[in-house]
Amino acid sequence: MSGTATDISRRRTAEDALRDSERRLRQVTDSLPALIASIGQDKTIRFANRTAGAWLDCESATLVGRPAMDLFPASKPAAIEQNWKGMISSGKRRDITVRLAWPDGKQRDIELTLIPHRSANDSFIGAFVLCVDLTAFRESERRLQRIQKMEAMGQLTGGIAHDFNNLLSIITGHSELLAEMLADRPKAAKSLDAVLRAAARGDDLIKRLLTFARRQDINRTIVDINRVVSSLTEVLGRLLGETIAIRTRLNKDIWPVEIDAGLLEDAIINLAINARDAMKNGGELTLTSVNSKAGAKRRSGQLESTRDYVCLSVSDTGSGMSQEAQERAFEPFFTTKSFGAGSGLGLSMVYGFVQEAGGVVTIDSPPGKGTTVSLWFPRRSAPSPGDATCSI
């Protein structure tokens, strides 16, 4: 009997090292918050990390062998197709930024990088795909731009209001002197009275401008939002008319807030008027107050996760707002109403008041499905056990 023996210990060691290296590589790619994949020359997926599976709402292993474009939602934007073909023909890396709706239910702004994979002799054998989610970054960027824009508008508005107030003081003062001089001339006095009424409306306009610019004196007190809402119900009924029903859903254990009660009343009335104008054929206006504990699930990234808030929401069943209108809603003088139907200062006044109180304003308005404007005020005192919470 004869035989041969071969020492395969080095091969085993090399195989073990390769498996260990592959395991570490898999751990690295699976831990990254980005979609990573490898595509073969036949345009099928050879590798996909865990994030790819999560975004596509499947196990990453099930993606192997599927067409490369399956990495992207069913819409398969033309821009991705074009860049894919361009990468193959040019052999050069391609970068593209696009917004897509993914099967996991999220819309993402992604930065997509396509990198050619070449062999040792420089022939094309496939590609690597990297998708980085820029959604949170882009949202923060947009929010910062809005804040900077609003601050600039606030400074401009405050300056305009100051100059306007100086002019109005002259008009009012001289008009009052003329009123005394024309007391025995009824026709002239009547015309002058119209000037004084217009000056009074101008004074109200200045107050709104200053509220937005946060230069108006604020009279903060401890306020029960429910009492303010309840006291306005009758006024709102007369203001909105018989075709609009008013509903209230008020948390009986609402937390106190420290705000200017008069400005809160003005804010509610402004929101109610906007709601009325959005419900031409009638509908419902609902005012809701809720407590929102720190750590509660909140849809707005503007709210601090470690802070308690009291949320007052004003909802209507009107026509809703476009995305552009929502983004510009708080700008002074911006309005979707017809010329002469609104000054465009109502929501900017609301914004200025809530910001001055240390709070946040949010809008939820799917087109055709009504609008909800929520005013979030910081809670004044520490929470107590059993308080209701808000997950808006």
# chains A, B, ... in the order shown; residues from 1 in each chain; ligands from 1
call {"tool": "residues_around", "arguments": {"residues": "range 270-276 of chain A", "least_positions_apart": "2", "cutoff": "6 Å", "atoms": "only C-alpha atoms", "output": "PyMOL selection string"}}
result
chain A and resi 267-268+278-279+316+346
call {"tool": "closest_residue", "arguments": {"among": "A:Ala179, A:Leu264, A:Leu63, A:Ala120", "to": "Ala194 in chain A", "atoms": "only C-alpha atoms"}}
result
A:Ala179
call {"tool": "closest_residue", "arguments": {"among": "A:Leu375, A:Thr317, A:Tyr351, A:Leu232", "to": "Asn291 in chain A", "atoms": "only C-alpha atoms"}}
result
A:Leu375
call {"tool": "residues_around", "arguments": {"residues": "Leu32 in chain A", "least_positions_apart": "3", "cutoff": "8 Å", "atoms": "only C-alpha atoms", "output": "PDB file with N, CA and C atoms, in the first residue's frame"}}
result
ATOM      1  N   VAL A  28     -18.363  45.716   8.280  1.00  0.00           N
ATOM      2  CA  VAL A  28     -18.145  47.143   8.017  1.00  0.00           C
ATOM      3  C   VAL A  28     -19.241  47.692   7.116  1.00  0.00           C
ATOM      4  N   THR A  29     -19.519  47.037   5.991  1.00  0.00           N
ATOM      5  CA  THR A  29     -20.516  47.542   5.042  1.00  0.00           C
ATOM      6  C   THR A  29     -21.922  47.510   5.631  1.00  0.00           C
ATOM      7  N   THR A  51     -28.148  47.837   4.668  1.00  0.00           N
ATOM      8  CA  THR A  51     -28.906  49.067   4.448  1.00  0.00           C
ATOM      9  C   THR A  51     -29.703  48.993   3.150  1.00  0.00           C
TER      10      THR A  51
END
call {"tool": "residues_around", "arguments": {"residues": "Leu134 in chain A", "least_positions_apart": "3", "cutoff": "6 Å", "atoms": "only C-alpha atoms", "output": "list of chain:residue names"}}
result
A:Asp109, A:Ile110, A:Phe137, A:Arg138
call {"tool": "closest_residue", "arguments": {"among": "A:Ile171, A:Leu285, A:Ala189, A:Ile206", "to": "Met349 in chain A", "atoms": "only C-alpha atoms"}}
result
A:Ile206
call {"tool": "residues_around", "arguments": {"residues": "range 124-130 of chain A", "least_positions_apart": "5", "cutoff": "9 Å", "atoms": "only C-alpha atoms", "output": "PyMOL selection string"}}
result
chain A and resi 34-43+87-88+91+111-119
call {"tool": "write_last_selection", "arguments": {"atoms": "C-alpha atoms", "output": "compact mmCIF listing (two decimals), in the first residue's frame"}}
result
# COMPACT_ATOMS: atom_id res chain seq x y z
CA ALA A 34 -25.52 53.97 3.27
CA LEU A 35 -26.64 51.64 0.49
CA ILE A 36 -23.61 49.73 -0.85
CA ALA A 37 -23.74 47.22 -3.68
CA SER A 38 -21.57 45.49 -6.27
CA ILE A 39 -22.84 44.96 -9.81
CA GLY A 40 -21.49 42.37 -12.23
CA GLN A 41 -20.75 42.81 -15.93
CA ASP A 42 -24.09 41.17 -16.69
CA LYS A 43 -25.81 44.02 -14.81
CA MET A 87 -20.51 55.26 -16.63
CA ILE A 88 -20.25 52.11 -18.77
CA GLY A 91 -15.54 54.14 -17.81
CA GLU A 111 -26.32 61.18 -3.40
CA LEU A 112 -25.69 58.28 -5.78
CA THR A 113 -22.15 57.37 -6.82
CA LEU A 114 -21.47 54.84 -9.60
CA ILE A 115 -17.86 53.61 -9.72
CA PRO A 116 -16.57 51.37 -12.56
CA HIS A 117 -15.02 48.06 -11.43
CA ARG A 118 -12.06 47.07 -13.57
CA SER A 119 -9.92 43.94 -13.69
call {"tool": "closest_residue", "arguments": {"among": "A:Leu178, A:Ile244, A:Val98, A:Leu168", "to": "Lys280 in chain A", "atoms": "only C-alpha atoms"}}
result
A:Ile244
call {"tool": "residues_around", "arguments": {"residues": "Ile259 in chain A", "least_positions_apart": "5", "cutoff": "6 Å", "atoms": "only C-alpha atoms", "output": "VMD selection string"}}
result
chain A and resid 220 to 221 357
call {"tool": "write_last_selection", "arguments": {"atoms": "N, CA and C atoms", "output": "JSON list (two decimals), in the first residue's frame"}}
result
[["chain", "number", "residue", "atom", "x", "y", "z"],
["A", 220, "ARG", "N", -45.96, 88.92, 29.24],
["A", 220, "ARG", "CA", -46.06, 87.48, 29.53],
["A", 220, "ARG", "C", -46.67, 87.24, 30.90],
["A", 221, "THR", "N", -47.58, 86.30, 30.93],
["A", 221, "THR", "CA", -48.18, 85.84, 32.19],
["A", 221, "THR", "C", -48.36, 84.33, 32.11],
["A", 357, "ALA", "N", -42.06, 83.54, 22.21],
["A", 357, "ALA", "CA", -42.39, 82.76, 23.41],
["A", 357, "ALA", "C", -41.49, 81.54, 23.56]]
call {"tool": "closest_residue", "arguments": {"among": "A:Gly202, A:Arg108, A:Gly282, A:Ile96", "to": "Ala78 in chain A", "atoms": "only C-alpha atoms"}}
result
A:Ile96
call {"tool": "closest_residue", "arguments": {"among": "A:Glu81, A:Asp224, A:Asp260, A:Glu327", "to": "Arg94 in chain A", "atoms": "only C-alpha atoms"}}
result
A:Glu81
call {"tool": "residues_around", "arguments": {"residues": "range 54-59 of chain A", "least_positions_apart": "2", "cutoff": "6 Å", "atoms": "only C-alpha atoms", "output": "VMD selection string"}}
result
chain A and resid 51 to 52 61 to 62 103 to 104
call {"tool": "write_last_selection", "arguments": {"atoms": "N, CA and C atoms", "output": "PDB file, in the first residue's frame"}}
result
ATOM      1  N   THR A  51     -28.148  47.837   4.668  1.00  0.00           N
ATOM      2  CA  THR A  51     -28.906  49.067   4.448  1.00  0.00           C
ATOM      3  C   THR A  51     -29.703  48.993   3.150  1.00  0.00           C
ATOM      4  N   ALA A  52     -29.108  48.372   2.119  1.00  0.00           N
ATOM      5  CA  ALA A  52     -29.822  48.202   0.849  1.00  0.00           C
ATOM      6  C   ALA A  52     -31.102  47.399   1.070  1.00  0.00           C
ATOM      7  N   ALA A  61     -29.797  39.546   1.186  1.00  0.00           N
ATOM      8  CA  ALA A  61     -29.377  38.347   0.450  1.00  0.00           C
ATOM      9  C   ALA A  61     -30.290  38.064  -0.740  1.00  0.00           C
ATOM     10  N   THR A  62     -31.568  38.482  -0.654  1.00  0.00           N
ATOM     11  CA  THR A  62     -32.513  38.216  -1.745  1.00  0.00           C
ATOM     12  C   THR A  62     -32.271  39.127  -2.951  1.00  0.00           C
ATOM     13  N   PRO A 103     -39.393  51.747  -1.123  1.00  0.00           N
ATOM     14  CA  PRO A 103     -40.395  50.768  -0.663  1.00  0.00           C
ATOM     15  C   PRO A 103     -40.590  50.730   0.850  1.00  0.00           C
ATOM     16  N   ASP A 104     -39.596  51.189   1.631  1.00  0.00           N
ATOM     17  CA  ASP A 104     -39.783  51.177   3.082  1.00  0.00           C
ATOM     18  C   ASP A 104     -40.671  52.321   3.561  1.00  0.00           C
TER      19      ASP A 104
END
